[in-house]
Amino acid sequence: MTRQCLDKDIKIRPAKGRVHVMFDDAEIGSSLNALELDEPGAPLRIYLPREDVREDVLERSETRTTCPYKGEAHYYTLKTLTADGPDQVWYYPDPCPLVEPIRDHLAFWGDKIEYRYSEV
């Protein structure tokens with residue numbers, strides 16, 4: 001299958017300091033190597049390297065979506081003792097060249113997700 005990657009003015013830059021990802025008031029990720037992806041017309045997204053996210057809260061999902069600028073996204077459901085977040089984590093296993101830096105990085109969304117920043 002040939003994929004078509006379209007061009008767009010997407011900016012990717014390192015996040016400043018340490019980024020903490022909270023889910024239902026529990027820290028599920030913390031990274032000094034987080035990336036901010038700024039895509040016109042979309043909210044700012046924070047991507048953490050997979051190794052900086054707790055594996056025990058990730059449950060693989062069958063959900064897939066396609067973005068013409070980033071490629072095919074695969075999803076995880078967040079599961080903790082106190083909450084579930086269906087398809088609230090996504091990643092691009094084979095991203096379009098435009099966003100290659102986010103390969104092996106996870107992004108999060110949902111009403112129980114909170115980002116906190118701390119100085120290094």
# chains A, B, ... in the order shown; residues from 1 in each chain; ligands from 1
call {"tool": "select_by_dssp", "arguments": {"residues": "chain A", "states": "strand (DSSP E)", "output": "NGL selection string"}}
result
:A and (11-14 or 18-23 or 26-31 or 35-38 or 45-49 or 58-67 or 71-79 or 84-91 or 105-108 or 113-118)
call {"tool": "residues_around", "arguments": {"residues": "range 98-101 of chain A", "least_positions_apart": "3", "cutoff": "8 Å", "atoms": "only C-alpha atoms", "output": "PyMOL selection string"}}
result
chain A and resi 7+10+12+69-70+95
call {"tool": "write_last_selection", "arguments": {"atoms": "N, CA and C atoms", "output": "mmCIF file, in the first residue's frame"}}
result
data_model
loop_
_atom_site.group_PDB
_atom_site.id
_atom_site.type_symbol
_atom_site.label_atom_id
_atom_site.label_comp_id
_atom_site.auth_asym_id
_atom_site.auth_seq_id
_atom_site.Cartn_x
_atom_site.Cartn_y
_atom_site.Cartn_z
ATOM 1 N N ASP A 7 2.008 17.950 2.762
ATOM 2 C CA ASP A 7 2.857 18.911 3.449
ATOM 3 C C ASP A 7 1.997 19.895 4.234
ATOM 4 N N ILE A 10 3.938 22.280 10.062
ATOM 5 C CA ILE A 10 3.953 21.707 11.406
ATOM 6 C C ILE A 10 5.333 21.943 12.003
ATOM 7 N N ILE A 12 7.914 21.164 15.208
ATOM 8 C CA ILE A 12 8.206 20.272 16.328
ATOM 9 C C ILE A 12 9.424 20.831 17.041
ATOM 10 N N TYR A 69 -0.943 14.288 7.180
ATOM 11 C CA TYR A 69 0.333 14.957 7.431
ATOM 12 C C TYR A 69 1.271 14.121 8.301
ATOM 13 N N LYS A 70 0.677 13.268 9.158
ATOM 14 C CA LYS A 70 1.489 12.518 10.116
ATOM 15 C C LYS A 70 1.524 11.015 9.833
ATOM 16 N N PRO A 95 5.808 7.308 10.936
ATOM 17 C CA PRO A 95 5.297 8.641 10.622
ATOM 18 C C PRO A 95 5.752 9.150 9.249
#
call {"tool": "closest_residue", "arguments": {"among": "A:Met22, A:Gln4, A:Asp9, A:Cys96", "to": "Tyr115 in chain A", "atoms": "only C-alpha atoms"}}
result
A:Met22
call {"tool": "residues_around", "arguments": {"residues": "range 33-46 of chain A", "least_positions_apart": "6", "cutoff": "9 Å", "atoms": "only C-alpha atoms", "output": "list of chain:residue names"}}
result
A:Lys8, A:Asp9, A:Ile10, A:Lys11, A:Ile12, A:Arg13, A:Pro14, A:Ala15, A:Lys16, A:Gly17, A:Arg18, A:Val19, A:Asp52, A:Val99, A:Pro101, A:Ile102, A:His105, A:Leu106, A:Ala107, A:Phe108, A:Trp109, A:Tyr115
call {"tool": "write_last_selection", "arguments": {"atoms": "N, CA and C atoms", "output": "JSON list (two decimals), in the first residue's frame"}}
result
[["chain", "number", "residue", "atom", "x", "y", "z"],
["A", 8, "LYS", "N", 2.48, 20.34, 5.35],
["A", 8, "LYS", "CA", 1.79, 21.33, 6.17],
["A", 8, "LYS", "C", 2.83, 22.00, 7.05],
["A", 9, "ASP", "N", 2.53, 23.19, 7.51],
["A", 9, "ASP", "CA", 3.47, 23.94, 8.35],
["A", 9, "ASP", "C", 3.36, 23.45, 9.80],
["A", 10, "ILE", "N", 3.94, 22.28, 10.06],
["A", 10, "ILE", "CA", 3.95, 21.71, 11.41],
["A", 10, "ILE", "C", 5.33, 21.94, 12.00],
["A", 11, "LYS", "N", 5.34, 22.47, 13.22],
["A", 11, "LYS", "CA", 6.61, 22.73, 13.91],
["A", 11, "LYS", "C", 6.74, 21.77, 15.09],
["A", 12, "ILE", "N", 7.91, 21.16, 15.21],
["A", 12, "ILE", "CA", 8.21, 20.27, 16.33],
["A", 12, "ILE", "C", 9.42, 20.83, 17.04],
["A", 13, "ARG", "N", 9.29, 21.00, 18.36],
["A", 13, "ARG", "CA", 10.41, 21.55, 19.13],
["A", 13, "ARG", "C", 10.46, 20.85, 20.50],
["A", 14, "PRO", "N", 11.64, 20.82, 21.10],
["A", 14, "PRO", "CA", 11.75, 20.24, 22.43],
["A", 14, "PRO", "C", 10.94, 21.05, 23.45],
["A", 15, "ALA", "N", 10.27, 20.37, 24.34],
["A", 15, "ALA", "CA", 9.57, 21.05, 25.43],
["A", 15, "ALA", "C", 10.61, 21.52, 26.43],
["A", 16, "LYS", "N", 10.34, 22.62, 27.11],
["A", 16, "LYS", "CA", 11.28, 23.16, 28.10],
["A", 16, "LYS", "C", 11.10, 22.44, 29.44],
["A", 17, "GLY", "N", 12.22, 22.07, 30.04],
["A", 17, "GLY", "CA", 12.17, 21.44, 31.35],
["A", 17, "GLY", "C", 11.67, 20.00, 31.29],
["A", 18, "ARG", "N", 11.13, 19.54, 32.40],
["A", 18, "ARG", "CA", 10.58, 18.19, 32.49],
["A", 18, "ARG", "C", 9.07, 18.26, 32.34],
["A", 19, "VAL", "N", 8.52, 17.38, 31.53],
["A", 19, "VAL", "CA", 7.07, 17.30, 31.34],
["A", 19, "VAL", "C", 6.57, 16.07, 32.09],
["A", 52, "ASP", "N", 9.64, 6.80, 28.47],
["A", 52, "ASP", "CA", 9.38, 7.68, 29.60],
["A", 52, "ASP", "C", 7.93, 7.60, 30.07],
["A", 99, "VAL", "N", 7.10, 14.62, 10.05],
["A", 99, "VAL", "CA", 7.04, 14.54, 11.51],
["A", 99, "VAL", "C", 7.87, 13.37, 12.06],
["A", 101, "PRO", "N", 10.48, 13.14, 13.79],
["A", 101, "PRO", "CA", 10.94, 13.18, 15.18],
["A", 101, "PRO", "C", 9.96, 12.55, 16.18],
["A", 102, "ILE", "N", 8.66, 12.44, 15.86],
["A", 102, "ILE", "CA", 7.72, 11.88, 16.85],
["A", 102, "ILE", "C", 7.64, 10.35, 16.79],
["A", 105, "HIS", "N", 7.16, 8.06, 20.00],
["A", 105, "HIS", "CA", 6.69, 8.99, 21.03],
["A", 105, "HIS", "C", 5.18, 8.81, 21.18],
["A", 106, "LEU", "N", 4.69, 9.03, 22.39],
["A", 106, "LEU", "CA", 3.26, 8.89, 22.69],
["A", 106, "LEU", "C", 2.65, 10.25, 23.01],
["A", 107, "ALA", "N", 1.42, 10.45, 22.51],
["A", 107, "ALA", "CA", 0.66, 11.67, 22.82],
["A", 107, "ALA", "C", -0.60, 11.26, 23.57],
["A", 108, "PHE", "N", -1.17, 12.21, 24.30],
["A", 108, "PHE", "CA", -2.28, 11.93, 25.21],
["A", 108, "PHE", "C", -3.38, 12.97, 25.06],
["A", 109, "TRP", "N", -4.62, 12.56, 25.31],
["A", 109, "TRP", "CA", -5.71, 13.52, 25.38],
["A", 109, "TRP", "C", -6.79, 12.93, 26.28],
["A", 115, "TYR", "N", -1.10, 17.97, 31.98],
["A", 115, "TYR", "CA", 0.35, 18.14, 31.82],
["A", 115, "TYR", "C", 0.85, 19.09, 32.89]]
call {"tool": "select_by_dssp", "arguments": {"residues": "chain A", "states": "helix (DSSP H, G or I)", "output": "list of chain:residue names"}}
result
A:Arg50, A:Glu51, A:Asp52, A:Glu55, A:Asp56, A:Val57, A:Pro97, A:Leu98, A:Val99, A:Glu100, A:Pro101, A:Ile102
call {"tool": "residues_around", "arguments": {"residues": "range 53-67 of chain A", "least_positions_apart": "3", "cutoff": "8 Å", "atoms": "only C-alpha atoms", "output": "VMD selection string"}}
result
chain A and resid 28 to 30 48 to 50 70 to 80 87
call {"tool": "write_last_selection", "arguments": {"atoms": "C-alpha atoms", "output": "PDB file, in the first residue's frame"}}
result
ATOM      1  CA  ILE A  28       1.973   8.001  34.129  1.00  0.00           C
ATOM      2  CA  GLY A  29       4.893   9.656  32.349  1.00  0.00           C
ATOM      3  CA  SER A  30       7.765  12.034  32.988  1.00  0.00           C
ATOM      4  CA  LEU A  48       6.792  11.766  25.241  1.00  0.00           C
ATOM      5  CA  PRO A  49       9.323   9.106  24.305  1.00  0.00           C
ATOM      6  CA  ARG A  50       7.752   5.687  24.856  1.00  0.00           C
ATOM      7  CA  LYS A  70       1.489  12.518  10.116  1.00  0.00           C
ATOM      8  CA  GLY A  71       0.486   9.045   8.883  1.00  0.00           C
ATOM      9  CA  GLU A  72      -1.424   6.190  10.524  1.00  0.00           C
ATOM     10  CA  ALA A  73      -1.939   6.541  14.257  1.00  0.00           C
ATOM     11  CA  HIS A  74      -2.202   3.521  16.552  1.00  0.00           C
ATOM     12  CA  TYR A  75      -3.878   3.805  19.949  1.00  0.00           C
ATOM     13  CA  TYR A  76      -3.678   2.612  23.524  1.00  0.00           C
ATOM     14  CA  THR A  77      -6.322   2.648  26.233  1.00  0.00           C
ATOM     15  CA  LEU A  78      -5.148   3.946  29.602  1.00  0.00           C
ATOM     16  CA  LYS A  79      -5.988   1.635  32.505  1.00  0.00           C
ATOM     17  CA  THR A  80      -5.261   2.286  36.153  1.00  0.00           C
ATOM     18  CA  ASP A  87      -8.012   5.411  23.062  1.00  0.00           C
TER      19      ASP A  87
END
call {"tool": "closest_residue", "arguments": {"among": "A:Leu6, A:Asp104, A:Val89, A:Ser31", "to": "Glu119 in chain A", "atoms": "only C-alpha atoms"}}
result
A:Ser31
call {"tool": "closest_residue", "arguments": {"among": "A:Arg116, A:Leu32, A:Gly110, A:Asp24", "to": "Gln88 in chain A", "atoms": "only C-alpha atoms"}}
result
A:Gly110
call {"tool": "atom_distance", "arguments": {"atom1": "CA of Ile113 in chain A", "atom2": "CA of Asp84 in chain A"}}
result
11.3 Å
call {"tool": "atom_distance", "arguments": {"atom1": "CA of Gly85 in chain A", "atom2": "CA of Tyr47 in chain A"}}
result
17.1 Å
call {"tool": "atom_distance", "arguments": {"atom1": "CA of Glu51 in chain A", "atom2": "CA of Ser118 in chain A"}}
result
19.0 Å
call {"tool": "closest_residue", "arguments": {"among": "A:Arg103, A:Pro68, A:Tyr117, A:Asp111", "to": "Pro86 in chain A", "atoms": "only C-alpha atoms"}}
result
A:Asp111
